[in-house]
>>> print(open('my_file13.cif').read())   # mmCIF, C-alpha atoms (C1' of nucleotides)
data_query
#
loop_
_atom_site.label_atom_id
_atom_site.label_comp_id
_atom_site.auth_asym_id
_atom_site.auth_seq_id
_atom_site.Cartn_x
_atom_site.Cartn_y
_atom_site.Cartn_z
CA ARG A 1 -29.07 -4.02 -24.11
CA GLU A 2 -28.32 -2.90 -27.58
CA LYS A 3 -27.56 -4.95 -30.63
CA PHE A 4 -24.91 -4.05 -33.13
CA GLN A 5 -24.51 -5.74 -36.44
CA VAL A 6 -21.15 -5.94 -38.09
CA VAL A 7 -21.47 -5.13 -41.77
CA ALA A 8 -17.86 -4.83 -42.77
CA GLU A 9 -14.26 -4.67 -41.63
CA GLY A 10 -11.19 -3.17 -43.17
CA SER A 11 -7.56 -2.93 -42.29
CA ASP A 12 -6.36 0.26 -43.93
CA GLY A 13 -7.60 3.81 -44.27
CA GLN A 14 -8.58 3.83 -47.92
CA GLU A 15 -10.36 0.51 -47.60
CA VAL A 16 -12.26 1.81 -44.57
CA ILE A 17 -13.48 4.84 -46.52
CA ARG A 18 -14.59 2.69 -49.41
CA LEU A 19 -16.43 0.29 -47.11
CA VAL A 20 -18.17 3.05 -45.20
CA GLU A 21 -19.31 4.74 -48.39
CA THR A 22 -20.63 1.41 -49.65
CA HIS A 23 -22.43 0.24 -46.51
CA GLN A 24 -23.38 3.57 -44.97
CA PRO A 25 -23.25 2.18 -41.43
CA ASP A 26 -24.53 4.07 -38.41
CA ILE A 27 -21.17 3.78 -36.71
CA ALA A 28 -17.60 3.31 -37.88
CA VAL A 29 -14.96 2.29 -35.36
CA ILE A 30 -11.60 3.40 -36.69
CA ASP A 31 -8.08 2.99 -35.45
CA ILE A 32 -6.00 6.17 -35.54
CA SER A 33 -2.95 4.20 -36.62
CA MET A 34 -3.71 2.68 -39.98
CA PRO A 35 -1.80 2.10 -43.19
CA THR A 36 -2.35 4.43 -46.18
CA LEU A 37 -4.55 6.91 -44.29
CA ASN A 38 -4.71 7.66 -40.62
CA GLY A 39 -7.93 7.56 -38.64
CA ILE A 40 -8.30 11.30 -38.20
CA ASP A 41 -7.91 12.07 -41.87
CA ALA A 42 -10.28 9.22 -42.68
CA ALA A 43 -12.79 10.69 -40.27
CA ARG A 44 -12.44 14.14 -41.83
CA GLU A 45 -13.10 12.68 -45.24
CA LEU A 46 -16.08 10.66 -44.03
CA ALA A 47 -17.59 13.71 -42.36
CA ARG A 48 -17.78 15.20 -45.87
CA THR A 49 -18.98 12.18 -47.83
CA CYS A 50 -20.95 10.20 -45.24
CA PRO A 51 -22.24 12.61 -42.61
CA LYS A 52 -24.77 10.01 -41.44
CA THR A 53 -22.03 7.69 -40.25
CA LYS A 54 -20.73 8.44 -36.79
CA VAL A 55 -17.03 7.85 -36.31
CA ILE A 56 -15.43 6.50 -33.15
CA LEU A 57 -11.65 6.71 -33.02
CA LEU A 58 -9.41 4.25 -31.20
CA THR A 59 -6.14 5.66 -30.02
CA GLN A 60 -2.95 4.55 -28.34
CA HIS A 61 -2.05 5.56 -24.83
CA GLU A 62 -1.23 9.21 -24.71
CA GLU A 63 -2.10 10.41 -28.16
CA GLU A 64 -4.49 12.83 -26.55
CA GLN A 65 -2.63 15.52 -28.37
CA TYR A 66 -4.74 14.68 -31.40
CA ILE A 67 -8.04 15.14 -29.64
CA TYR A 68 -8.54 18.70 -30.83
CA GLU A 69 -7.89 17.77 -34.41
CA ALA A 70 -10.22 14.80 -34.06
CA LEU A 71 -13.07 16.91 -32.76
CA GLU A 72 -12.64 19.30 -35.68
CA ALA A 73 -13.05 16.25 -37.90
CA LYS A 74 -16.50 15.70 -36.36
CA VAL A 75 -15.45 12.56 -34.54
CA LYS A 76 -18.20 11.41 -32.17
CA GLY A 77 -16.17 9.08 -29.97
CA TYR A 78 -12.57 8.94 -28.80
CA VAL A 79 -11.57 5.77 -26.97
CA LEU A 80 -8.14 4.97 -25.56
CA LYS A 81 -7.05 1.45 -26.33
CA SER A 82 -6.16 1.00 -22.72
CA GLN A 83 -9.84 1.47 -22.00
CA VAL A 84 -11.23 -0.29 -25.04
CA ALA A 85 -12.63 -3.29 -23.18
CA SER A 86 -14.69 -1.21 -20.81
CA ASP A 87 -15.39 1.84 -22.93
CA LEU A 88 -15.99 0.85 -26.54
CA ILE A 89 -19.49 -0.49 -26.00
CA HIS A 90 -20.38 2.55 -23.93
CA ALA A 91 -19.09 4.74 -26.70
CA MET A 92 -21.09 2.92 -29.36
CA GLN A 93 -24.28 3.10 -27.34
CA GLN A 94 -23.85 6.75 -26.51
CA VAL A 95 -22.88 7.71 -30.04
CA SER A 96 -25.74 5.77 -31.60
CA ARG A 97 -28.08 7.89 -29.48
CA GLY A 98 -26.56 11.03 -30.90
CA GLY A 99 -24.11 11.74 -28.12
CA ILE A 100 -20.37 12.24 -28.00
CA TYR A 101 -18.15 9.89 -26.05
CA LEU A 102 -14.62 10.48 -24.78
CA SER A 103 -12.65 8.02 -22.69
CA PRO A 104 -12.15 9.21 -19.12
CA GLY A 105 -9.04 11.33 -18.94
CA VAL A 106 -9.46 12.61 -22.45
CA SER A 107 -12.04 15.17 -21.41
CA GLN A 108 -9.27 16.73 -19.41
CA ALA A 109 -7.20 17.13 -22.55
CA VAL A 110 -10.18 18.62 -24.36
CA VAL A 111 -10.61 21.37 -21.83
CA GLU A 112 -6.93 22.14 -21.90
CA ALA A 113 -6.86 22.09 -25.68
CA TYR A 114 -9.78 24.51 -25.71
CA HIS A 115 -8.08 27.29 -23.86
CA SER A 116 -4.55 26.24 -24.61
CA LYS A 117 -3.05 29.62 -25.26
CA SER A 118 -0.52 29.00 -22.54
CA VAL A 119 1.18 25.65 -22.39
CA ARG A 120 0.87 23.71 -19.18
CA PRO A 121 4.09 23.52 -17.14
CA SER A 122 3.22 19.81 -16.84
CA ASP A 123 5.19 19.39 -13.63
CA PRO A 124 4.92 21.95 -10.83
CA LEU A 125 7.73 20.44 -8.79
CA SER A 126 10.99 22.13 -7.92
CA VAL A 127 14.25 20.46 -8.85
CA ARG A 128 14.86 19.32 -5.32
CA GLU A 129 11.37 17.90 -5.01
CA ARG A 130 11.74 15.99 -8.25
CA GLN A 131 15.02 14.64 -7.00
CA VAL A 132 13.41 13.45 -3.78
CA LEU A 133 10.52 11.97 -5.70
CA GLN A 134 12.88 9.98 -7.85
CA LEU A 135 14.74 8.57 -4.88
CA ILE A 136 11.47 7.58 -3.23
CA ALA A 137 10.37 5.89 -6.43
CA GLU A 138 13.67 4.00 -6.46
CA GLY A 139 12.71 2.50 -3.14
CA ARG A 140 14.69 4.65 -0.72
CA SER A 141 13.30 5.49 2.68
CA THR A 142 13.13 9.09 3.77
CA LYS A 143 16.14 8.47 5.97
CA ASP A 144 18.10 7.18 2.99
CA VAL A 145 17.04 10.15 0.91
CA ALA A 146 18.24 12.51 3.60
CA SER A 147 21.68 10.96 3.86
CA LEU A 148 22.04 10.63 0.10
CA LEU A 149 21.30 14.33 -0.32
CA GLY A 150 23.24 15.37 2.75
CA ILE A 151 20.25 16.97 4.45
CA SER A 152 18.33 16.24 7.60
CA VAL A 153 15.56 13.68 7.73
CA LYS A 154 13.10 16.40 8.55
CA THR A 155 14.01 18.31 5.43
CA ALA A 156 13.63 15.28 3.25
CA GLU A 157 10.28 14.76 4.89
CA SER A 158 9.31 18.33 4.09
CA HIS A 159 10.14 17.88 0.43
CA ARG A 160 8.22 14.66 0.34
CA SER A 161 5.18 16.21 1.98
CA ARG A 162 5.16 19.23 -0.24
CA LEU A 163 5.52 17.33 -3.48
CA MET A 164 2.76 14.95 -2.49
CA GLN A 165 0.58 17.93 -1.73
CA LYS A 166 1.42 19.57 -5.05
CA LEU A 167 0.64 16.42 -6.99
CA ASP A 168 -2.42 15.60 -4.91
CA ILE A 169 -1.04 12.14 -4.34
CA HIS A 170 -1.31 10.54 -0.95
CA GLU A 171 0.43 7.19 -0.99
CA THR A 172 3.85 5.95 -1.99
CA ALA A 173 2.43 3.57 -4.56
CA SER A 174 0.75 6.30 -6.61
CA LEU A 175 3.88 8.39 -6.27
CA VAL A 176 5.93 5.62 -7.82
CA ARG A 177 3.53 5.21 -10.71
CA TYR A 178 3.65 8.97 -11.29
CA ALA A 179 7.44 8.87 -11.38
CA VAL A 180 7.36 6.04 -13.88
CA ARG A 181 4.96 7.98 -16.11
CA ARG A 182 7.24 11.02 -15.90
CA GLY A 183 10.17 8.84 -16.86
CA LEU A 184 11.96 9.63 -13.63
CA VAL A 185 12.55 5.95 -12.98
CA GLN A 186 12.39 2.78 -14.98
CA PRO A 187 9.53 0.53 -13.95
CA ARG B 1 -23.12 -10.83 -40.46
CA GLU B 2 -23.47 -11.91 -36.90
CA LYS B 3 -25.29 -10.12 -34.13
CA PHE B 4 -23.94 -9.80 -30.66
CA GLN B 5 -25.97 -8.55 -27.78
CA VAL B 6 -24.27 -6.74 -24.94
CA VAL B 7 -25.67 -7.96 -21.65
CA ALA B 8 -23.28 -6.34 -19.22
CA GLU B 9 -20.11 -4.38 -18.77
CA GLY B 10 -17.72 -4.08 -15.90
CA SER B 11 -14.63 -2.11 -15.21
CA ASP B 12 -12.70 -4.18 -12.72
CA GLY B 13 -11.80 -7.81 -12.27
CA GLN B 14 -14.03 -8.65 -9.36
CA GLU B 15 -16.98 -6.97 -11.00
CA VAL B 16 -16.39 -8.85 -14.24
CA ILE B 17 -16.45 -12.19 -12.45
CA ARG B 18 -19.64 -11.28 -10.68
CA LEU B 19 -21.29 -10.14 -13.91
CA VAL B 20 -20.28 -13.22 -15.88
CA GLU B 21 -21.55 -15.52 -13.15
CA THR B 22 -24.82 -13.62 -13.11
CA HIS B 23 -25.44 -13.34 -16.84
CA GLN B 24 -23.70 -16.49 -18.07
CA PRO B 25 -22.90 -14.95 -21.47
CA ASP B 26 -21.57 -16.94 -24.39
CA ILE B 27 -18.56 -14.69 -24.67
CA ALA B 28 -16.71 -12.46 -22.25
CA VAL B 29 -14.25 -9.92 -23.65
CA ILE B 30 -11.80 -9.14 -20.90
CA ASP B 31 -8.92 -6.72 -20.67
CA ILE B 32 -5.74 -8.24 -19.24
CA SER B 33 -5.05 -5.01 -17.38
CA MET B 34 -7.88 -4.37 -14.98
CA PRO B 35 -8.12 -2.99 -11.48
CA THR B 36 -8.46 -5.39 -8.54
CA LEU B 37 -7.86 -8.57 -10.57
CA ASN B 38 -6.05 -9.09 -13.85
CA GLY B 39 -7.68 -10.68 -16.88
CA ILE B 40 -5.76 -13.96 -16.83
CA ASP B 41 -6.53 -14.70 -13.22
CA ALA B 42 -10.13 -13.71 -13.87
CA ALA B 43 -10.22 -16.11 -16.83
CA ARG B 44 -8.80 -18.90 -14.71
CA GLU B 45 -11.48 -18.33 -12.13
CA LEU B 46 -14.22 -18.21 -14.77
CA ALA B 47 -13.00 -21.45 -16.35
CA ARG B 48 -13.84 -23.08 -13.02
CA THR B 49 -17.12 -21.39 -12.23
CA CYS B 50 -18.53 -20.62 -15.70
CA PRO B 51 -17.09 -23.12 -18.19
CA LYS B 52 -19.86 -22.26 -20.67
CA THR B 53 -18.59 -18.73 -21.12
CA LYS B 54 -15.80 -18.33 -23.65
CA VAL B 55 -13.21 -15.77 -22.70
CA ILE B 56 -11.45 -13.45 -25.14
CA LEU B 57 -8.51 -11.56 -23.68
CA LEU B 58 -7.42 -8.13 -24.84
CA THR B 59 -3.76 -7.39 -24.31
CA GLN B 60 -1.30 -4.57 -24.73
CA HIS B 61 1.45 -4.62 -27.30
CA GLU B 62 4.01 -7.21 -26.40
CA GLU B 63 2.48 -8.96 -23.46
CA GLU B 64 2.64 -12.12 -25.50
CA GLN B 65 4.68 -13.56 -22.68
CA TYR B 66 1.41 -14.33 -20.99
CA ILE B 67 -0.02 -16.36 -23.84
CA TYR B 68 0.97 -19.68 -22.30
CA GLU B 69 -0.59 -18.80 -18.99
CA ALA B 70 -3.69 -17.59 -20.81
CA LEU B 71 -4.11 -20.82 -22.73
CA GLU B 72 -3.78 -22.81 -19.52
CA ALA B 73 -6.62 -20.69 -18.21
CA LYS B 74 -8.78 -21.99 -21.08
CA VAL B 75 -8.85 -18.65 -22.87
CA LYS B 76 -10.47 -18.95 -26.31
CA GLY B 77 -9.31 -15.70 -27.86
CA TYR B 78 -6.27 -13.50 -27.51
CA VAL B 79 -6.42 -10.14 -29.27
CA LEU B 80 -3.72 -7.47 -29.30
CA LYS B 81 -5.09 -4.02 -28.69
CA SER B 82 -3.14 -2.74 -31.65
CA GLN B 83 -5.32 -5.04 -33.75
CA VAL B 84 -8.53 -4.63 -31.81
CA ALA B 85 -10.34 -2.63 -34.47
CA SER B 86 -9.85 -5.27 -37.14
CA ASP B 87 -9.60 -8.45 -35.07
CA LEU B 88 -12.07 -8.34 -32.21
CA ILE B 89 -15.12 -9.06 -34.33
CA HIS B 90 -13.30 -11.87 -36.12
CA ALA B 91 -12.34 -13.32 -32.78
CA MET B 92 -15.89 -13.14 -31.44
CA GLN B 93 -17.27 -14.81 -34.55
CA GLN B 94 -14.70 -17.56 -34.54
CA VAL B 95 -14.95 -18.19 -30.82
CA SER B 96 -18.74 -18.29 -30.88
CA ARG B 97 -18.46 -21.11 -33.40
CA GLY B 98 -16.30 -23.08 -31.00
CA GLY B 99 -12.95 -22.03 -32.39
CA ILE B 100 -9.89 -20.41 -30.90
CA TYR B 101 -8.68 -17.04 -32.14
CA LEU B 102 -5.25 -15.51 -31.74
CA SER B 103 -4.18 -12.18 -33.18
CA PRO B 104 -1.62 -12.54 -35.96
CA GLY B 105 1.83 -12.63 -34.46
CA VAL B 106 0.65 -14.29 -31.32
CA SER B 107 0.60 -17.71 -32.91
CA GLN B 108 4.35 -17.41 -33.15
CA ALA B 109 4.55 -17.05 -29.40
CA VAL B 110 2.24 -20.02 -28.94
CA VAL B 111 4.46 -22.32 -30.94
CA GLU B 112 7.49 -21.16 -29.01
CA ALA B 113 5.67 -21.64 -25.75
CA TYR B 114 4.71 -25.16 -26.78
CA HIS B 115 8.22 -26.16 -27.65
CA SER B 116 9.57 -24.92 -24.37
CA LYS B 117 7.22 -26.47 -21.87
CA SER B 118 9.65 -26.15 -19.03
CA VAL B 119 9.86 -22.40 -19.44
CA ARG B 120 8.10 -20.77 -16.58
CA PRO B 121 9.12 -17.15 -16.84
CA SER B 122 6.15 -16.01 -14.83
CA ASP B 123 6.48 -15.09 -11.19
CA PRO B 124 6.10 -17.65 -8.42
CA LEU B 125 3.12 -15.90 -6.87
CA SER B 126 -0.22 -17.48 -6.20
CA VAL B 127 -3.35 -15.93 -7.65
CA ARG B 128 -4.29 -14.43 -4.33
CA GLU B 129 -0.83 -12.99 -3.83
CA ARG B 130 -0.86 -11.47 -7.29
CA GLN B 131 -4.22 -9.92 -6.54
CA VAL B 132 -2.94 -8.42 -3.31
CA LEU B 133 0.15 -7.16 -5.10
CA GLN B 134 -1.98 -5.45 -7.70
CA LEU B 135 -4.12 -3.71 -5.12
CA ILE B 136 -1.04 -2.51 -3.26
CA ALA B 137 0.38 -1.18 -6.51
CA GLU B 138 -2.89 0.62 -7.11
CA GLY B 139 -2.25 2.52 -3.91
CA ARG B 140 -4.47 0.67 -1.47
CA SER B 141 -3.46 0.24 2.13
CA THR B 142 -3.41 -3.21 3.64
CA LYS B 143 -6.63 -2.35 5.42
CA ASP B 144 -8.26 -1.42 2.13
CA VAL B 145 -7.02 -4.62 0.53
CA ALA B 146 -8.52 -6.65 3.34
CA SER B 147 -11.95 -5.08 3.05
CA LEU B 148 -11.92 -5.23 -0.75
CA LEU B 149 -11.18 -8.95 -0.63
CA GLY B 150 -13.39 -9.60 2.35
CA ILE B 151 -10.60 -10.98 4.49
CA SER B 152 -8.98 -9.89 7.73
CA VAL B 153 -6.22 -7.33 7.84
CA LYS B 154 -3.89 -9.95 9.22
CA THR B 155 -4.48 -12.22 6.25
CA ALA B 156 -3.86 -9.44 3.77
CA GLU B 157 -0.69 -8.71 5.70
CA SER B 158 0.35 -12.34 5.42
CA HIS B 159 -0.12 -12.35 1.68
CA ARG B 160 1.83 -9.13 1.41
CA SER B 161 4.67 -10.48 3.53
CA ARG B 162 4.90 -13.73 1.69
CA LEU B 163 4.86 -12.20 -1.77
CA MET B 164 7.55 -9.72 -0.78
CA GLN B 165 9.62 -12.58 0.53
CA LYS B 166 9.09 -14.60 -2.64
CA LEU B 167 10.07 -11.67 -4.84
CA ASP B 168 12.91 -10.61 -2.56
CA ILE B 169 11.51 -7.09 -2.52
CA HIS B 170 11.42 -5.12 0.66
CA GLU B 171 9.71 -1.79 0.03
CA THR B 172 6.43 -0.69 -1.44
CA ALA B 173 8.13 1.36 -4.15
CA SER B 174 9.97 -1.58 -5.68
CA LEU B 175 6.81 -3.61 -5.40
CA VAL B 176 4.95 -1.04 -7.46
CA ARG B 177 7.63 -0.96 -10.13
CA TYR B 178 7.56 -4.75 -10.28
CA ALA B 179 3.79 -4.69 -10.73
CA VAL B 180 4.14 -2.15 -13.53
CA ARG B 181 6.77 -4.30 -15.27
CA ARG B 182 4.48 -7.30 -14.97
CA GLY B 183 1.64 -5.29 -16.48
CA LEU B 184 -0.49 -5.72 -13.37
CA VAL B 185 -1.11 -1.99 -13.20
CA GLN B 186 -0.76 0.93 -15.54
CA PRO B 187 2.00 3.33 -14.50
"C1'" DG C 1 16.87 45.58 -2.47
"C1'" DT C 2 12.59 43.71 -1.75
"C1'" DG C 3 9.54 39.90 -2.00
"C1'" DA C 4 8.33 35.34 -3.40
"C1'" DA C 5 9.68 30.84 -3.77
"C1'" DA C 6 12.66 27.32 -2.42
"C1'" DA C 7 15.46 24.86 0.83
"C1'" DT C 8 16.49 24.02 5.24
"C1'" DA C 9 15.14 22.14 10.09
"C1'" DG C 10 12.42 20.89 14.03
"C1'" DG C 11 8.15 19.20 17.29
"C1'" DG C 12 4.46 16.16 17.52
"C1'" DT C 13 1.22 12.16 16.34
"C1'" DA C 14 -1.93 8.68 14.32
"C1'" DG C 15 -1.68 5.25 11.32
"C1'" DT C 16 0.94 1.92 8.28
"C1'" DT C 17 4.53 -1.04 6.95
"C1'" DG C 18 7.69 -4.85 7.35
"C1'" DC C 19 8.73 -8.63 9.86
"C1'" DC C 20 9.03 -11.90 13.82
"C1'" DC C 21 6.48 -15.66 15.95
"C1'" DG C 22 2.56 -18.82 15.93
"C1'" DA C 23 -1.87 -21.45 14.24
"C1'" DT C 24 -6.06 -23.85 11.60
"C1'" DT C 25 -8.50 -25.16 7.47
"C1'" DA C 26 -8.76 -26.55 2.81
"C1'" DC C 27 -7.48 -28.54 -1.43
"C1'" DC C 28 -4.61 -30.91 -4.94
"C1'" DC C 29 -1.46 -34.55 -6.05
"C1'" DT C 30 0.41 -39.13 -5.71
"C1'" DA D 1 -3.72 -41.57 3.39
"C1'" DG D 2 -0.26 -38.45 3.57
"C1'" DG D 3 2.42 -34.33 2.04
"C1'" DG D 4 2.83 -29.92 -0.13
"C1'" DT D 5 0.83 -25.61 -1.06
"C1'" DA D 6 -2.50 -22.08 -0.44
"C1'" DA D 7 -5.46 -19.33 2.32
"C1'" DT D 8 -6.96 -17.96 6.48
"C1'" DC D 9 -6.15 -15.35 11.23
"C1'" DG D 10 -3.70 -13.75 15.44
"C1'" DG D 11 -0.03 -11.10 18.90
"C1'" DG D 12 3.63 -8.13 19.12
"C1'" DC D 13 7.09 -4.56 17.71
"C1'" DA D 14 10.52 -1.33 15.56
"C1'" DA D 15 10.51 1.51 11.83
"C1'" DC D 16 8.46 4.31 8.62
"C1'" DT D 17 4.78 7.20 6.45
"C1'" DA D 18 1.65 10.93 6.14
"C1'" DC D 19 0.33 15.00 7.96
"C1'" DC D 20 -0.17 18.78 11.40
"C1'" DC D 21 2.37 22.92 13.04
"C1'" DT D 22 6.26 26.55 13.07
"C1'" DA D 23 10.70 28.89 11.75
"C1'" DT D 24 15.24 30.33 9.61
"C1'" DT D 25 18.23 30.94 5.71
"C1'" DT D 26 19.19 30.91 0.68
"C1'" DT D 27 18.13 31.98 -3.92
"C1'" DC D 28 16.45 34.43 -7.60
"C1'" DA D 29 13.65 37.57 -10.35
"C1'" DC D 30 11.84 42.13 -10.92
#
>>> encode(input="my_file13.cif", output="structure tokens")
Amino acid sequence: REKFQVVAEGSDGQEVIRLVETHQPDIAVIDISMPTLNGIDAARELARTCPKTKVILLTQHEEEQYIYEALEAKVKGYVLKSQVASDLIHAMQQVSRGGIYLSPGVSQAVVEAYHSKSVRPSDPLSVRERQVLQLIAEGRSTKDVASLLGISVKTAESHRSRLMQKLDIHETASLVRYAVRRGLVQP
Amino acid sequence: REKFQVVAEGSDGQEVIRLVETHQPDIAVIDISMPTLNGIDAARELARTCPKTKVILLTQHEEEQYIYEALEAKVKGYVLKSQVASDLIHAMQQVSRGGIYLSPGVSQAVVEAYHSKSVRPSDPLSVRERQVLQLIAEGRSTKDVASLLGISVKTAESHRSRLMQKLDIHETASLVRYAVRRGLVQP
DNA sequence: GTGAAAATAGGGTAGTTGCCCGATTACCCT
DNA sequence: AGGGTAATCGGGCAACTACCCTATTTTCAC
């Protein structure tokens, strides 16, 4: 639907800046992790010297911590590498039309970063609930959990219910993935 | 130097296959980690139904274990996401000229894979079973899986049973962790 | 020492999982 | 042409999950 022409490629931050200043492209797709100069600092520099060029940053998994800094550096797009196949083209199209593009999930971090006077407690679970969650993620049945913790099956069930409610998760599979993300269990 | 036109984008495996079959593009850039059907199995399918389309796979860090499987699936390009900013365009250019492109570092794995033909570290699951496994790990119920794949609940159940038997895994939780380890789903 | 949150326990139920048995159709390989 | 594997579909069943409700005791902060 939209054609993009590749005018140059570089593999480190200083080279990228030089290339952008030479070619004055509409869009520069830049990796946050680069030798000699990271993507955010490169973007900050380019915002000064080449304001016409719109910068899209590529970032590793959960480097959403940098999003605030990136936006201050006038970055127009912020794409997680995990989403690069599906999102990069979207980002380029949207940015070339003057918009701003953030990978899904990043917007969340933006909002939080905006009014981040109080740090998120990240995990609203009680100790017991986290313990139950871990055992579930390890593959134990509720009955197993109960006997392992020395409580009744109904109590274990209560903990399970409540933690699922708190996390807004409604199947075991998603619960397990959550536990893996939290580092409660090894995948 | 070379212009590429984007004709379609999709965000899950089944959609990608549908789109490629519809648009018959020269190149399809596919993420190995996708919902509903992983990139390698999608590539294998496309090699059968759309041999004209050249597939470039995008992969996470060290999933080089899959390179052998990918090459068997007639994949023409294999790009690490850590190199995506600098390598993807190279890969597309090279592949469009009939070549094969592998991110630096992957070639190593190729040679090793070649010299150890008998090594089959991958799981013993069929494509269909792997697909069912992925959907389960994504949190779908067997009923959901059935309707997503357009098969009966009993068939989905059969696949689930057989793959659990093959893997010697007996609860959903362990199944999910296995799928995460295999890179079939993001934690 | 009062109140909120957590931990405990139970009743009930619809739906799902895990597994047993069986079967037909299709395709690849030799 | 036959044999192995994959994919499809079915009946039945014990166990488990997910969620509804209530209720008592413990713990801890203010």
>>> calpha_fit_rmsd(input="my_file13.cif", fixed="chain B", moving="chain A")
15.0 Å
>>> interface_residues(input="my_file13.cif", of="chain A", to="chain B", cutoff="7 Å", atoms="only C-alpha atoms", output="ChimeraX atom specification")
/A:1-7,9-11,29-31,81,85-86,137-139,171-174,176-178,180-181,187
>>> residues_around(input="my_file13.cif", residues="range 17-22 of chain D", least_positions_apart="6", cutoff="10 Å", atoms="only C-alpha atoms (C1' of nucleotides)", output="list in words")
Ser141, Thr142, Glu157, Arg160, Ser161, Met164, His170, Glu171 and Thr172 of chain A; DG10, DG11, DG12, DT13, DA14, DG15, DT16 and DT17 of chain C
>>> resolve_selection(input="my_file13.cif", expression="the PyMOL selection byres ((chain B) within 10 of (chain D))", output="PyMOL selection string")
chain B and resi 126-129+151-156+158-159
>>> write_last_selection(input="my_file13.cif", atoms="C-alpha atoms", output="PDB file, keeping the file's coordinate frame")
ATOM      1  CA  SER B 126      -0.220 -17.480  -6.200  1.00  0.00           C
ATOM      2  CA  VAL B 127      -3.350 -15.930  -7.650  1.00  0.00           C
ATOM      3  CA  ARG B 128      -4.290 -14.430  -4.330  1.00  0.00           C
ATOM      4  CA  GLU B 129      -0.830 -12.990  -3.830  1.00  0.00           C
ATOM      5  CA  ILE B 151     -10.600 -10.980   4.490  1.00  0.00           C
ATOM      6  CA  SER B 152      -8.980  -9.890   7.730  1.00  0.00           C
ATOM      7  CA  VAL B 153      -6.220  -7.330   7.840  1.00  0.00           C
ATOM      8  CA  LYS B 154      -3.890  -9.950   9.220  1.00  0.00           C
ATOM      9  CA  THR B 155      -4.480 -12.220   6.250  1.00  0.00           C
ATOM     10  CA  ALA B 156      -3.860  -9.440   3.770  1.00  0.00           C
ATOM     11  CA  SER B 158       0.350 -12.340   5.420  1.00  0.00           C
ATOM     12  CA  HIS B 159      -0.120 -12.350   1.680  1.00  0.00           C
TER      13      HIS B 159
END
>>> interface_residues(input="my_file13.cif", of="chain C", to="chain A", cutoff="9 Å", atoms="only C-alpha atoms (C1' of nucleotides)", output="number ranges by chain")
C: 6-10
>>> write_last_selection(input="my_file13.cif", atoms="C-alpha atoms (C1' of nucleotides)", output="compact mmCIF listing (two decimals), in the frame of the given file")
# COMPACT_ATOMS: atom_id res chain seq x y z
C1' DA C 6 12.66 27.32 -2.42
C1' DA C 7 15.46 24.86 0.83
C1' DT C 8 16.49 24.02 5.24
C1' DA C 9 15.14 22.14 10.09
C1' DG C 10 12.42 20.89 14.03
>>> atom_distance(input="my_file13.cif", atom1="CA of Thr49 in chain A", atom2="CA of Val106 in chain A")
27.1 Å
>>> residues_around(input="my_file13.cif", residues="Cys50 in chain B", least_positions_apart="4", cutoff="9 Å", atoms="only C-alpha atoms (C1' of nucleotides)", output="NGL selection string")
:B and (20-21 or 24 or 45-46 or 54)
>>> write_last_selection(input="my_file13.cif", atoms="C-alpha atoms", output="PDB file, in the coordinates of the input")
ATOM      1  CA  VAL B  20     -20.280 -13.220 -15.880  1.00  0.00           C
ATOM      2  CA  GLU B  21     -21.550 -15.520 -13.150  1.00  0.00           C
ATOM      3  CA  GLN B  24     -23.700 -16.490 -18.070  1.00  0.00           C
ATOM      4  CA  GLU B  45     -11.480 -18.330 -12.130  1.00  0.00           C
ATOM      5  CA  LEU B  46     -14.220 -18.210 -14.770  1.00  0.00           C
ATOM      6  CA  LYS B  54     -15.800 -18.330 -23.650  1.00  0.00           C
TER       7      LYS B  54
END
>>> atom_distance(input="my_file13.cif", atom1="CA of Lys74 in chain B", atom2="CA of Leu88 in chain A")
24.6 Å
>>> atom_distance(input="my_file13.cif", atom1="CA of Tyr101 in chain A", atom2="CA of Gly77 in chain A")
4.5 Å
>>> build_atoms(input="my_file13.cif", residues="range 70-76 of chain B", atoms="N, CA and C atoms", output="JSON list (two decimals), in the frame of the given file")
[["chain", "number", "residue", "atom", "x", "y", "z"],
["B", 70, "ALA", "N", -2.30, -17.83, -20.39],
["B", 70, "ALA", "CA", -3.69, -17.59, -20.81],
["B", 70, "ALA", "C", -4.31, -18.87, -21.35],
["B", 71, "LEU", "N", -3.55, -19.60, -22.16],
["B", 71, "LEU", "CA", -4.11, -20.82, -22.73],
["B", 71, "LEU", "C", -4.39, -21.85, -21.65],
["B", 72, "GLU", "N", -3.54, -21.91, -20.64],
["B", 72, "GLU", "CA", -3.78, -22.81, -19.52],
["B", 72, "GLU", "C", -5.07, -22.44, -18.80],
["B", 73, "ALA", "N", -5.40, -21.16, -18.86],
["B", 73, "ALA", "CA", -6.62, -20.69, -18.21],
["B", 73, "ALA", "C", -7.82, -20.84, -19.14],
["B", 74, "LYS", "N", -7.68, -21.64, -20.16],
["B", 74, "LYS", "CA", -8.78, -21.99, -21.08],
["B", 74, "LYS", "C", -9.29, -20.80, -21.89],
["B", 75, "VAL", "N", -8.44, -19.82, -22.09],
["B", 75, "VAL", "CA", -8.85, -18.65, -22.87],
["B", 75, "VAL", "C", -9.05, -19.06, -24.33],
["B", 76, "LYS", "N", -10.14, -18.56, -24.94],
["B", 76, "LYS", "CA", -10.47, -18.95, -26.31],
["B", 76, "LYS", "C", -10.01, -17.93, -27.35]]
